[in-house]
file run02.cif (mmCIF, C-alpha atoms and all ligand atoms)
data_data
loop_
_atom_site.label_atom_id
_atom_site.label_comp_id
_atom_site.auth_asym_id
_atom_site.auth_seq_id
_atom_site.Cartn_x
_atom_site.Cartn_y
_atom_site.Cartn_z
CA MET H 1 27.06 12.96 -8.09
CA LEU H 2 25.76 15.68 -5.81
CA GLU H 3 26.14 18.27 -8.52
CA ARG H 4 24.25 16.18 -11.05
CA ALA H 5 21.59 15.52 -8.42
CA ARG H 6 21.09 19.23 -7.82
CA ILE H 7 20.63 19.88 -11.52
CA LEU H 8 18.01 17.13 -11.64
CA ASP H 9 16.27 18.63 -8.62
CA GLU H 10 16.23 22.01 -10.28
CA GLY H 11 14.36 20.58 -13.27
CA ASP H 12 12.00 18.45 -11.19
CA PRO H 13 8.37 19.44 -11.86
CA LEU H 14 7.39 18.07 -8.42
CA LYS H 15 10.04 19.95 -6.45
CA GLY H 16 7.52 22.30 -4.86
CA PHE H 17 5.62 19.49 -3.19
CA ARG H 18 8.34 18.48 -0.74
CA GLU H 19 7.54 21.45 1.46
CA ARG H 20 3.93 20.30 1.73
CA PHE H 21 5.22 17.44 3.90
CA LEU H 22 7.05 17.35 7.18
CA VAL H 23 10.37 15.70 6.36
CA PRO H 24 12.46 15.82 9.53
CA GLU H 25 15.76 17.66 9.37
CA GLY H 26 18.69 15.32 8.82
CA VAL H 27 16.51 12.45 7.63
CA ILE H 28 16.52 10.83 4.21
CA TYR H 29 13.26 8.95 4.29
CA LEU H 30 13.25 5.85 2.10
CA ASP H 31 10.38 4.16 3.91
CA GLY H 32 7.35 6.02 2.60
CA ASN H 33 6.20 2.64 1.28
CA SER H 34 5.74 1.52 4.89
CA LEU H 35 4.54 4.70 6.60
CA GLY H 36 4.18 7.80 4.46
CA CYS H 37 5.34 11.21 5.70
CA LEU H 38 3.01 13.62 7.46
CA PRO H 39 1.37 16.18 5.16
CA LYS H 40 1.77 19.59 6.80
CA ALA H 41 -1.96 20.23 6.37
CA THR H 42 -2.89 17.20 8.48
CA PRO H 43 -2.30 18.55 12.01
CA HIS H 44 -4.37 21.64 11.21
CA ARG H 45 -7.20 19.58 9.73
CA LEU H 46 -7.15 17.20 12.70
CA ALA H 47 -7.22 20.09 15.14
CA GLU H 48 -10.26 21.44 13.32
CA VAL H 49 -12.02 18.08 13.46
CA VAL H 50 -11.12 17.52 17.11
CA GLN H 51 -11.78 21.02 18.47
CA GLY H 52 -14.53 22.20 16.21
CA GLU H 53 -16.38 19.18 14.91
CA TRP H 54 -15.99 16.94 17.94
CA GLY H 55 -15.47 19.49 20.72
CA GLU H 56 -18.09 22.02 19.69
CA GLY H 57 -20.27 20.14 17.26
CA LEU H 58 -20.46 16.93 19.27
CA ILE H 59 -23.06 14.45 18.04
CA ARG H 60 -24.48 17.01 15.62
CA SER H 61 -21.35 16.67 13.49
CA TRP H 62 -22.50 13.32 12.11
CA ASN H 63 -24.83 15.50 10.03
CA SER H 64 -23.46 19.03 10.14
CA ALA H 65 -19.85 18.03 9.37
CA ASP H 66 -20.98 15.12 7.20
CA TRP H 67 -19.09 12.53 9.23
CA ILE H 68 -21.62 9.91 8.21
CA THR H 69 -20.56 9.94 4.56
CA LEU H 70 -16.81 10.26 5.17
CA PRO H 71 -16.05 6.61 4.21
CA GLN H 72 -17.79 7.15 0.86
CA ARG H 73 -16.26 10.60 0.33
CA VAL H 74 -12.70 9.43 0.92
CA GLY H 75 -13.36 6.29 -1.14
CA ALA H 76 -14.58 8.43 -4.04
CA LYS H 77 -11.37 10.47 -3.89
CA ILE H 78 -9.23 7.33 -3.92
CA ALA H 79 -11.18 5.92 -6.88
CA PRO H 80 -9.51 7.93 -9.69
CA LEU H 81 -6.08 6.99 -8.33
CA ILE H 82 -6.85 3.32 -8.99
CA GLY H 83 -8.96 3.54 -12.15
CA ALA H 84 -12.28 3.04 -10.39
CA GLN H 85 -15.59 4.91 -10.35
CA PRO H 86 -16.39 6.99 -7.25
CA HIS H 87 -19.23 4.66 -6.21
CA GLU H 88 -16.97 1.59 -6.36
CA VAL H 89 -14.58 2.45 -3.49
CA ILE H 90 -15.08 2.88 0.23
CA ALA H 91 -12.53 3.76 2.93
CA CYS H 92 -12.90 1.66 6.05
CA ASP H 93 -11.29 -0.81 8.44
CA SER H 94 -7.87 -2.35 7.81
CA VAL H 95 -6.64 -4.17 4.71
CA SER H 96 -6.85 -7.44 6.65
CA VAL H 97 -10.49 -6.93 7.62
CA ASN H 98 -11.41 -5.86 4.09
CA LEU H 99 -9.70 -8.99 2.76
CA TYR H 100 -11.86 -11.07 5.06
CA LYS H 101 -15.02 -9.37 3.85
CA LEU H 102 -14.19 -9.64 0.16
CA ILE H 103 -12.80 -13.20 0.15
CA SER H 104 -15.91 -14.28 2.05
CA ALA H 105 -18.12 -12.42 -0.40
CA ALA H 106 -16.42 -13.92 -3.44
CA LEU H 107 -16.70 -17.59 -2.42
CA PRO H 108 -20.52 -17.95 -2.60
CA MET H 109 -20.45 -16.13 -5.95
CA ARG H 110 -18.75 -19.20 -7.42
CA PRO H 111 -20.86 -22.10 -6.16
CA GLY H 112 -19.10 -25.46 -6.14
CA ARG H 113 -15.68 -23.85 -5.93
CA LYS H 114 -13.78 -23.29 -2.69
CA THR H 115 -10.18 -22.64 -3.66
CA VAL H 116 -8.58 -19.27 -3.10
CA LEU H 117 -5.37 -19.09 -5.11
CA SER H 118 -2.43 -16.89 -4.15
CA GLU H 119 1.35 -17.08 -4.24
CA PRO H 120 3.71 -18.21 -1.48
CA GLY H 121 5.54 -15.20 -0.10
CA ASN H 122 2.59 -12.88 -0.67
CA PHE H 123 2.22 -10.34 2.16
CA PRO H 124 1.53 -12.41 5.29
CA THR H 125 -1.88 -11.00 6.14
CA ASP H 126 -3.22 -11.91 2.70
CA VAL H 127 -2.33 -15.57 3.04
CA TYR H 128 -3.27 -15.68 6.74
CA MET H 129 -6.75 -14.35 6.01
CA ILE H 130 -7.29 -17.17 3.51
CA GLU H 131 -6.02 -19.60 6.13
CA GLY H 132 -8.53 -18.28 8.67
CA LEU H 133 -11.39 -18.91 6.25
CA GLU H 134 -9.97 -22.36 5.59
CA LYS H 135 -10.13 -23.13 9.31
CA GLN H 136 -13.78 -22.08 9.27
CA GLY H 137 -14.32 -24.64 6.51
CA LEU H 138 -15.25 -21.97 3.99
CA ALA H 139 -12.17 -21.88 1.77
CA GLU H 140 -9.28 -23.98 0.60
CA ARG H 141 -5.99 -22.20 0.30
CA ARG H 142 -3.76 -22.92 -2.67
CA LEU H 143 -0.39 -21.22 -3.11
CA ALA H 144 1.39 -21.46 -6.44
CA PRO H 145 4.62 -19.68 -7.41
CA ARG H 146 4.04 -16.87 -9.87
CA GLU H 147 5.31 -18.78 -12.87
CA ARG H 148 2.79 -21.54 -12.09
CA LEU H 149 -0.27 -19.40 -11.45
CA PHE H 150 -1.78 -19.94 -14.88
CA GLU H 151 -1.76 -23.72 -14.61
CA ALA H 152 -3.02 -23.52 -11.00
CA LEU H 153 -6.16 -21.72 -12.19
CA ASP H 154 -8.38 -24.77 -12.53
CA GLU H 155 -12.12 -25.37 -12.10
CA ASP H 156 -11.82 -25.41 -8.29
CA VAL H 157 -10.58 -21.84 -8.04
CA ALA H 158 -13.24 -19.38 -6.89
CA LEU H 159 -10.89 -16.44 -6.33
CA LEU H 160 -7.42 -15.35 -7.34
CA LEU H 161 -5.92 -13.07 -4.67
CA LEU H 162 -2.66 -11.33 -5.55
CA THR H 163 -0.71 -8.25 -4.52
CA HIS H 164 0.03 -6.01 -7.51
CA ALA H 165 3.49 -4.82 -6.33
CA HIS H 166 5.28 -7.37 -4.17
CA TYR H 167 6.15 -5.94 -0.75
CA LYS H 168 9.59 -7.49 -0.65
CA THR H 169 10.85 -7.36 -4.21
CA GLY H 170 8.61 -4.73 -5.77
CA GLU H 171 7.91 -7.11 -8.66
CA LEU H 172 4.69 -6.26 -10.49
CA PHE H 173 2.01 -8.57 -11.76
CA ASP H 174 0.42 -7.87 -15.11
CA MET H 175 -3.07 -7.09 -13.84
CA VAL H 176 -4.69 -7.23 -17.27
CA GLU H 177 -3.24 -10.60 -18.16
CA LEU H 178 -3.90 -12.30 -14.82
CA THR H 179 -7.39 -10.92 -14.44
CA ARG H 180 -8.23 -12.21 -17.91
CA ALA H 181 -6.73 -15.63 -17.15
CA ALA H 182 -8.71 -15.88 -13.90
CA HIS H 183 -11.94 -14.88 -15.62
CA ASP H 184 -11.28 -17.38 -18.43
CA ALA H 185 -10.95 -20.05 -15.75
CA GLY H 186 -14.25 -18.95 -14.23
CA ALA H 187 -12.69 -17.35 -11.14
CA LEU H 188 -13.01 -13.91 -9.60
CA VAL H 189 -10.02 -11.67 -8.84
CA LEU H 190 -9.09 -9.64 -5.77
CA TRP H 191 -6.10 -7.30 -6.11
CA ASP H 192 -4.20 -6.02 -3.10
CA LEU H 193 -2.99 -2.55 -4.11
CA SER H 194 -1.25 -1.72 -0.82
CA HIS H 195 2.10 -1.16 -2.52
CA SER H 196 0.78 0.46 -5.68
CA GLY H 197 -2.22 2.68 -4.86
CA GLY H 198 -0.99 6.28 -4.86
CA ALA H 199 2.45 5.27 -6.15
CA LEU H 200 1.85 4.03 -9.67
CA PRO H 201 -0.96 4.12 -12.17
CA VAL H 202 -3.46 1.33 -11.58
CA ASP H 203 -6.50 0.83 -13.78
CA LEU H 204 -9.03 -1.49 -12.17
CA SER H 205 -11.66 -0.72 -14.82
CA ASP H 206 -9.30 -1.38 -17.71
CA CYS H 207 -8.31 -4.78 -16.37
CA ASN H 208 -11.92 -5.58 -15.49
CA ALA H 209 -11.05 -6.35 -11.87
CA ASP H 210 -13.73 -7.65 -9.54
CA PHE H 211 -12.41 -6.66 -6.13
CA ALA H 212 -9.49 -4.75 -4.65
CA VAL H 213 -8.15 -3.57 -1.32
CA GLY H 214 -5.40 -1.14 -0.45
CA CYS H 215 -3.61 0.61 2.34
CA GLY H 216 -4.08 4.15 3.64
CA TYR H 217 -0.86 4.66 5.58
CA LYS H 218 1.74 3.89 2.90
CA TYR H 219 1.73 5.96 -0.31
CA LEU H 220 -1.50 7.73 0.64
CA ASN H 221 0.08 9.30 3.73
CA GLY H 222 -2.94 8.76 5.96
CA GLY H 223 -0.93 8.21 9.15
CA PRO H 224 -0.17 5.15 11.28
CA GLY H 225 -3.02 2.64 11.12
CA ALA H 226 -5.01 4.82 8.71
CA PRO H 227 -8.22 3.29 7.36
CA ALA H 228 -7.77 1.09 4.31
CA TYR H 229 -9.99 1.01 1.23
CA ALA H 230 -12.00 -1.60 -0.62
CA PHE H 231 -13.24 -1.74 -4.21
CA VAL H 232 -16.12 -3.74 -5.63
CA ALA H 233 -16.81 -3.44 -9.37
CA GLY H 234 -20.18 -1.76 -9.91
CA ARG H 235 -21.49 -4.73 -11.92
CA LEU H 236 -21.04 -7.05 -8.89
CA GLN H 237 -22.20 -4.84 -6.06
CA ALA H 238 -25.79 -6.12 -5.88
CA GLU H 239 -24.49 -9.71 -5.56
CA VAL H 240 -21.99 -9.05 -2.79
CA ALA H 241 -22.87 -10.36 0.65
CA GLN H 242 -20.16 -9.90 3.23
CA PRO H 243 -20.27 -11.64 6.60
CA LEU H 244 -19.43 -8.70 8.89
CA SER H 245 -23.03 -7.55 8.76
CA GLY H 246 -22.69 -4.61 11.10
CA TRP H 247 -25.22 -1.85 11.36
CA MET H 248 -23.25 0.72 9.35
CA GLY H 249 -23.54 -1.51 6.29
CA HIS H 250 -27.32 -1.69 6.71
CA ALA H 251 -29.59 -0.08 4.15
CA ARG H 252 -31.20 2.00 6.94
CA PRO H 253 -28.92 1.95 9.99
CA PHE H 254 -31.11 4.38 11.87
CA ALA H 255 -34.29 2.39 11.37
CA PHE H 256 -32.90 0.13 14.14
CA SER H 257 -34.59 -2.92 12.65
CA ASP H 258 -33.98 -6.41 14.07
CA ASP H 259 -33.20 -7.69 10.61
CA TYR H 260 -30.19 -7.00 8.47
CA ALA H 261 -30.68 -5.62 4.98
CA PRO H 262 -27.49 -4.66 3.16
CA ALA H 263 -27.08 -1.11 1.90
CA PRO H 264 -27.10 -0.79 -1.86
CA GLY H 265 -23.71 -0.54 -3.49
CA VAL H 266 -20.29 -0.49 -1.91
CA ASP H 267 -21.72 0.92 1.36
CA ARG H 268 -22.57 -2.63 2.38
CA LEU H 269 -18.90 -3.20 3.05
CA LEU H 270 -19.12 -1.00 6.13
CA CYS H 271 -19.35 -2.76 9.45
CA GLY H 272 -19.14 -0.60 12.59
CA THR H 273 -18.89 3.14 13.24
CA PRO H 274 -16.11 4.63 11.10
CA GLY H 275 -13.06 6.18 12.77
CA ILE H 276 -13.58 9.82 11.90
CA LEU H 277 -10.17 11.09 13.03
CA GLY H 278 -8.39 8.48 10.96
CA LEU H 279 -10.54 9.17 7.92
CA ALA H 280 -10.04 12.93 8.27
CA ALA H 281 -6.26 12.47 8.27
CA LEU H 282 -6.44 10.07 5.33
CA GLU H 283 -8.50 12.54 3.33
CA VAL H 284 -5.71 15.13 3.55
CA GLY H 285 -3.15 12.60 2.31
CA VAL H 286 -5.37 11.47 -0.54
CA ASP H 287 -6.13 15.06 -1.61
CA LEU H 288 -2.44 15.83 -1.75
CA ILE H 289 -1.53 12.71 -3.76
CA ALA H 290 -4.42 13.43 -6.15
CA GLU H 291 -3.18 17.00 -6.57
CA ILE H 292 0.32 15.84 -7.48
CA GLY H 293 -0.96 13.05 -9.74
CA VAL H 294 -0.03 9.39 -9.78
CA GLU H 295 1.47 9.52 -13.30
CA ARG H 296 3.93 12.21 -12.28
CA LEU H 297 4.74 10.49 -8.99
CA HIS H 298 5.44 7.26 -10.82
CA ALA H 299 7.64 8.88 -13.48
CA LYS H 300 9.69 10.61 -10.80
CA SER H 301 10.01 7.54 -8.60
CA GLN H 302 11.39 5.60 -11.57
CA ALA H 303 13.91 8.35 -12.22
CA LEU H 304 14.86 8.48 -8.53
CA SER H 305 15.38 4.75 -8.19
CA GLU H 306 17.41 4.56 -11.39
CA PHE H 307 19.55 7.50 -10.24
CA PHE H 308 20.01 5.81 -6.85
CA ARG H 309 21.27 2.64 -8.54
CA GLN H 310 23.63 4.72 -10.66
CA CYS H 311 24.98 6.50 -7.56
CA LEU H 312 25.49 3.19 -5.76
CA SER H 313 27.35 1.77 -8.69
CA GLU H 314 29.54 4.88 -9.05
CA SER H 315 30.31 4.63 -5.32
CA GLY H 316 31.56 1.10 -5.85
CA VAL H 317 28.68 -0.55 -3.98
CA GLU H 318 27.94 -4.05 -5.15
CA LEU H 319 24.71 -5.25 -3.65
CA GLU H 320 22.56 -8.01 -5.09
CA LEU H 321 19.41 -6.42 -6.51
CA VAL H 322 16.33 -8.57 -6.00
CA SER H 323 13.94 -6.10 -7.59
CA PRO H 324 13.49 -6.18 -11.37
CA THR H 325 16.17 -4.10 -13.12
CA ASP H 326 13.58 -2.67 -15.50
CA PRO H 327 11.74 0.12 -13.62
CA ALA H 328 8.60 -0.65 -15.62
CA GLN H 329 8.53 -4.08 -13.99
CA ARG H 330 8.69 -2.91 -10.39
CA GLY H 331 6.85 -0.73 -7.90
CA SER H 332 8.39 2.36 -6.26
CA GLN H 333 11.10 0.47 -4.41
CA LEU H 334 14.46 -1.24 -4.69
CA SER H 335 15.36 -4.25 -2.60
CA PHE H 336 18.78 -5.73 -2.13
CA ARG H 337 19.88 -8.99 -0.58
CA HIS H 338 22.64 -9.14 2.01
CA THR H 339 23.14 -11.65 4.83
CA GLU H 340 23.72 -8.70 7.19
CA ALA H 341 20.79 -6.67 5.89
CA TYR H 342 19.40 -6.08 9.39
CA ALA H 343 22.58 -4.58 10.84
CA ILE H 344 23.26 -2.54 7.68
CA CYS H 345 19.74 -1.14 7.84
CA GLN H 346 20.24 -0.16 11.51
CA ALA H 347 23.59 1.48 10.77
CA LEU H 348 21.94 3.50 8.00
CA ILE H 349 19.07 4.53 10.28
CA ALA H 350 21.66 5.76 12.80
CA ARG H 351 22.96 8.01 10.01
CA GLY H 352 19.45 9.29 9.29
CA VAL H 353 18.91 7.18 6.17
CA ILE H 354 15.68 5.36 6.93
CA GLY H 355 14.96 2.34 4.79
CA ASP H 356 13.78 -0.97 6.14
CA PHE H 357 14.66 -4.59 6.61
CA ARG H 358 12.53 -7.52 5.56
CA ASP H 359 13.30 -10.86 7.05
CA PRO H 360 15.58 -12.66 6.52
CA ASP H 361 18.01 -10.77 4.30
CA ILE H 362 16.32 -7.95 2.42
CA LEU H 363 17.34 -4.30 2.57
CA ARG H 364 14.45 -2.30 1.14
CA PHE H 365 14.38 1.31 -0.03
CA GLY H 366 11.13 2.99 -1.02
CA PHE H 367 10.90 6.03 -3.30
CA ALA H 368 7.85 8.02 -2.32
CA SER H 369 8.60 10.70 -4.85
CA ALA H 370 6.27 13.37 -3.50
CA TYR H 371 8.89 14.42 -0.96
CA LEU H 372 12.21 12.93 -2.10
CA ARG H 373 14.95 14.76 -3.98
CA PHE H 374 17.65 13.48 -6.30
CA GLU H 375 20.06 14.98 -3.79
CA ASP H 376 18.70 12.50 -1.24
CA MET H 377 19.60 9.67 -3.64
CA ALA H 378 23.20 10.81 -3.96
CA GLU H 379 23.53 11.27 -0.20
CA ALA H 380 21.86 7.96 0.64
CA ALA H 381 24.15 6.13 -1.80
CA ARG H 382 27.17 7.77 -0.16
CA HIS H 383 26.00 6.59 3.27
CA VAL H 384 25.43 3.05 2.01
CA ALA H 385 28.93 3.01 0.54
CA GLU H 386 30.44 4.33 3.79
CA VAL H 387 28.54 1.90 6.01
CA LEU H 388 29.76 -1.02 3.91
CA GLU H 389 33.35 0.26 3.56
CA THR H 390 33.88 1.09 7.22
CA GLY H 391 32.11 -2.05 8.43
CA GLU H 392 30.36 0.06 11.06
CA TRP H 393 27.28 -2.19 10.73
CA GLN H 394 29.26 -4.79 12.69
CA ARG H 395 28.78 -2.83 15.90
CA GLU H 396 26.83 -4.77 18.51
CA GLU H 397 24.14 -2.09 18.85
CA PHE H 398 23.09 -2.59 15.23
CA ARG H 399 22.46 -6.30 15.70
CA GLN H 400 19.83 -6.11 18.43
CA ARG H 401 16.49 -6.89 16.88
CA ALA H 402 13.66 -4.54 17.76
CA ALA H 403 10.02 -5.62 18.07
CA VAL H 404 9.08 -3.90 14.82
CA THR H 405 11.59 -4.31 12.03
C1 LIG T 501 0.84 -3.08 4.25
C2 LIG T 501 0.07 -4.19 3.63
C3 LIG T 501 -1.09 -4.67 4.24
C4 LIG T 501 -1.54 -4.10 5.55
O1 LIG T 501 -2.62 -4.73 6.11
P1 LIG T 501 -3.31 -4.09 7.40
O2 LIG T 501 -4.39 -5.02 7.74
O3 LIG T 501 -3.83 -2.73 7.01
O4 LIG T 501 -2.27 -4.00 8.47
C5 LIG T 501 -1.79 -5.68 3.60
N1 LIG T 501 -1.35 -6.20 2.42
C6 LIG T 501 -0.22 -5.77 1.83
C7 LIG T 501 0.21 -6.35 0.53
C8 LIG T 501 0.53 -4.77 2.43
O5 LIG T 501 1.65 -4.35 1.86
#
call {"tool": "encode", "arguments": {"input": "run02.cif", "output": "structure tokens", "more": "lines below"}}
Ligand SMILES: *Cc1c(COP(=O)(O)O)cnc(C)c1O
result
Amino acid sequence: MLERARILDEGDPLKGFRERFLVPEGVIYLDGNSLGCLPKATPHRLAEVVQGEWGEGLIRSWNSADWITLPQRVGAKIAPLIGAQPHEVIACDSVSVNLYKLISAALPMRPGRKTVLSEPGNFPTDVYMIEGLEKQGLAERRLAPRERLFEALDEDVALLLLTHAHYKTGELFDMVELTRAAHDAGALVLWDLSHSGGALPVDLSDCNADFAVGCGYKYLNGGPGAPAYAFVAGRLQAEVAQPLSGWMGHARPFAFSDDYAPAPGVDRLLCGTPGILGLAALEVGVDLIAEIGVERLHAKSQALSEFFRQCLSESGVELELVSPTDPAQRGSQLSFRHTEAYAICQALIARGVIGDFRDPDILRFGFASAYLRFEDMAEAARHVAEVLETGEWQREEFRQRAAVT
């Protein structure tokens, strides 16, 4: 296996990019879908921003270092990764906060309708944010399993909110088909791209999407708690009114008027002062992903995950796969079900193979292909086989649940 892996690595067109990231010695990192690795250029860029722009430039840097347009600039760089126009994306706040803004904006655009439709088991924050708006009396939450979504799209639905690649299983929705179905039913659509932006090709324009949000710290390698991004289709921007009417989303923030007037375009999604350090780090991650190219990253991640499955099978590992077997039907991850998934995950982490556990019984491996090698797949599969064979996961220390799993 290792020999075959090394041949594959030799022929890998992305092999040179691994050294652009800090991948700790002795670690096989299969969790880039949760927190991407650190680009080596980031510490230098942050030092520049902290020492030079903040330390020396102080308040002048809002203009001289162009801090004031950083949310737009980073948004415009994310745009081509998700099939959007530069003026349709802005980097700001967290995914959760952007969900709040966009769900709230969508509801009044469909007068007489209050239902926000999603699926049970969607990422928690997505369904919680709908619930919060329900408690305010502004929305009604409806959850329908994915095979029932089409019939659940009735005349009460104002907005369909779905996550493109499911965080647990990696299962993909057909964005074209569902967006069309929602539009046919008179509803708007909001796509959560947290597990697909920067990992696989997404084409918001092609599917005629209305709104989208996505995460900066997963496949975009923006660092822990990096700013998220939000997309509003150009054709809808003038109609969008979001409730977090902070001064940075004002048409003229520095006119200090008593009355709110939204900025034209996607800028109106801004609320408070943007976190410049976070945006500066995110920009480095986005530049690097754009340089490598999402098509190539996706092709390699499919090859890596298929090779990983092959190595597992050749090592005699029989784990129940909950992700689609067809790589075209899943995001850049493989998830397996095991009643002892938590302890197995901990035993693997102790060996330097970092994947993650998703309650209650999912062992999840992400394939952020910018910095992974086929050799890592062969080695990780060997560790999985050994952990299962030796039963070392049964050790007490691997059963203690940590605060963050
Ligand atoms: C990671 C993730 C989020 C993260 O939301 P934050 O508010 O940025 O913490 C949201 N939605 C999905 C589908 C995710 O995978």
call {"tool": "closest_residue", "arguments": {"input": "run02.cif", "among": "H:Ile362, H:Leu102, H:Ala303, H:Val127", "to": "Met377 of chain H", "atoms": "only C-alpha atoms"}}
result
H:Ala303
call {"tool": "residues_near_ligand", "arguments": {"input": "run02.cif", "ligand": "ligand LIG 501 (chain T)", "cutoff": "10 Å", "atoms": "all atoms listed in the file", "output": "PyMOL selection string"}}
result
chain H and resi 33-35+93-100+122-127+129+162-168+191-196+213-218+224-229
call {"tool": "residues_around", "arguments": {"input": "run02.cif", "residues": "Leu38 of chain H", "least_positions_apart": "6", "cutoff": "7 Å", "atoms": "only C-alpha atoms", "output": "PDB file with C-alpha atoms, in the coordinates of the input"}}
result
ATOM      1  CA  PHE H  21       5.220  17.440   3.900  1.00  0.00           C
ATOM      2  CA  LEU H  22       7.050  17.350   7.180  1.00  0.00           C
ATOM      3  CA  ASN H 221       0.080   9.300   3.730  1.00  0.00           C
ATOM      4  CA  GLY H 223      -0.930   8.210   9.150  1.00  0.00           C
TER       5      GLY H 223
END
call {"tool": "residues_near_point", "arguments": {"input": "run02.cif", "point": "(11.3, -4.6, -13.3)", "cutoff": "12 Å", "atoms": "all atoms listed in the file", "output": "list in words"}}
result
Ala165, His166, Thr169, Gly170, Glu171, Leu172, Phe173, Asp174, Gln302, Ser305, Glu306, Leu321, Val322, Ser323, Pro324, Thr325, Asp326, Pro327, Ala328, Gln329, Arg330, Gly331, Ser332, Gln333, Leu334 and Ser335 of chain H
call {"tool": "residues_around", "arguments": {"input": "run02.cif", "residues": "His183 of chain H", "least_positions_apart": "5", "cutoff": "10 Å", "atoms": "all atoms listed in the file", "output": "count of residues only"}}
result
10
call {"tool": "residues_around", "arguments": {"input": "run02.cif", "residues": "Gln85 of chain H", "least_positions_apart": "3", "cutoff": "10 Å", "atoms": "all atoms listed in the file", "output": "ChimeraX atom specification"}}
result
/H:75-82,88-89,204-205,231-234
call {"tool": "atom_distance", "arguments": {"input": "run02.cif", "atom1": "atom CA of Met175 of chain H", "atom2": "atom CA of Cys207 of chain H"}}
result
6.3 Å
call {"tool": "atom_distance", "arguments": {"input": "run02.cif", "atom1": "atom CA of Glu397 of chain H", "atom2": "atom CA of Thr339 of chain H"}}
result
17.0 Å
call {"tool": "residues_around", "arguments": {"input": "run02.cif", "residues": "segment 239-242 of chain H", "least_positions_apart": "2", "cutoff": "9 Å", "atoms": "all atoms listed in the file", "output": "list in words"}}
result
Tyr100, Lys101, Leu102, Ile103, Ser104, Ala105, Ala106, Pro108, Met109, Val232, Arg235, Leu236, Gln237, Leu244, Ser245, Pro262, Gly265, Val266, Arg268 and Leu269 of chain H
call {"tool": "closest_residue", "arguments": {"input": "run02.cif", "among": "H:Arg146, H:Leu282, H:Leu107, H:Arg20", "to": "Arg73 of chain H", "atoms": "all atoms listed in the file"}}
result
H:Leu282
call {"tool": "residues_around", "arguments": {"input": "run02.cif", "residues": "segment 350-356 of chain H", "least_positions_apart": "6", "cutoff": "10 Å", "atoms": "only C-alpha atoms", "output": "PDB file with C-alpha atoms, in the coordinates of the input"}}
result
ATOM      1  CA  PRO H  24      12.460  15.820   9.530  1.00  0.00           C
ATOM      2  CA  GLU H  25      15.760  17.660   9.370  1.00  0.00           C
ATOM      3  CA  GLY H  26      18.690  15.320   8.820  1.00  0.00           C
ATOM      4  CA  VAL H  27      16.510  12.450   7.630  1.00  0.00           C
ATOM      5  CA  ILE H  28      16.520  10.830   4.210  1.00  0.00           C
ATOM      6  CA  TYR H  29      13.260   8.950   4.290  1.00  0.00           C
ATOM      7  CA  LEU H  30      13.250   5.850   2.100  1.00  0.00           C
ATOM      8  CA  ASP H  31      10.380   4.160   3.910  1.00  0.00           C
ATOM      9  CA  GLY H  32       7.350   6.020   2.600  1.00  0.00           C
ATOM     10  CA  ASN H  33       6.200   2.640   1.280  1.00  0.00           C
ATOM     11  CA  SER H  34       5.740   1.520   4.890  1.00  0.00           C
ATOM     12  CA  SER H 335      15.360  -4.250  -2.600  1.00  0.00           C
ATOM     13  CA  ALA H 341      20.790  -6.670   5.890  1.00  0.00           C
ATOM     14  CA  TYR H 342      19.400  -6.080   9.390  1.00  0.00           C
ATOM     15  CA  ILE H 344      23.260  -2.540   7.680  1.00  0.00           C
ATOM     16  CA  ILE H 362      16.320  -7.950   2.420  1.00  0.00           C
ATOM     17  CA  LEU H 363      17.340  -4.300   2.570  1.00  0.00           C
ATOM     18  CA  ARG H 364      14.450  -2.300   1.140  1.00  0.00           C
ATOM     19  CA  PHE H 365      14.380   1.310  -0.030  1.00  0.00           C
ATOM     20  CA  GLY H 366      11.130   2.990  -1.020  1.00  0.00           C
ATOM     21  CA  PHE H 367      10.900   6.030  -3.300  1.00  0.00           C
ATOM     22  CA  ASP H 376      18.700  12.500  -1.240  1.00  0.00           C
ATOM     23  CA  GLU H 379      23.530  11.270  -0.200  1.00  0.00           C
ATOM     24  CA  ALA H 380      21.860   7.960   0.640  1.00  0.00           C
ATOM     25  CA  ALA H 381      24.150   6.130  -1.800  1.00  0.00           C
ATOM     26  CA  HIS H 383      26.000   6.590   3.270  1.00  0.00           C
ATOM     27  CA  VAL H 384      25.430   3.050   2.010  1.00  0.00           C
ATOM     28  CA  VAL H 387      28.540   1.900   6.010  1.00  0.00           C
ATOM     29  CA  TRP H 393      27.280  -2.190  10.730  1.00  0.00           C
ATOM     30  CA  PHE H 398      23.090  -2.590  15.230  1.00  0.00           C
ATOM     31  CA  THR H 405      11.590  -4.310  12.030  1.00  0.00           C
TER      32      THR H 405
END
call {"tool": "atom_distance", "arguments": {"input": "run02.cif", "atom1": "atom CA of Ala181 of chain H", "atom2": "atom CA of Asp156 of chain H"}}
result
14.1 Å
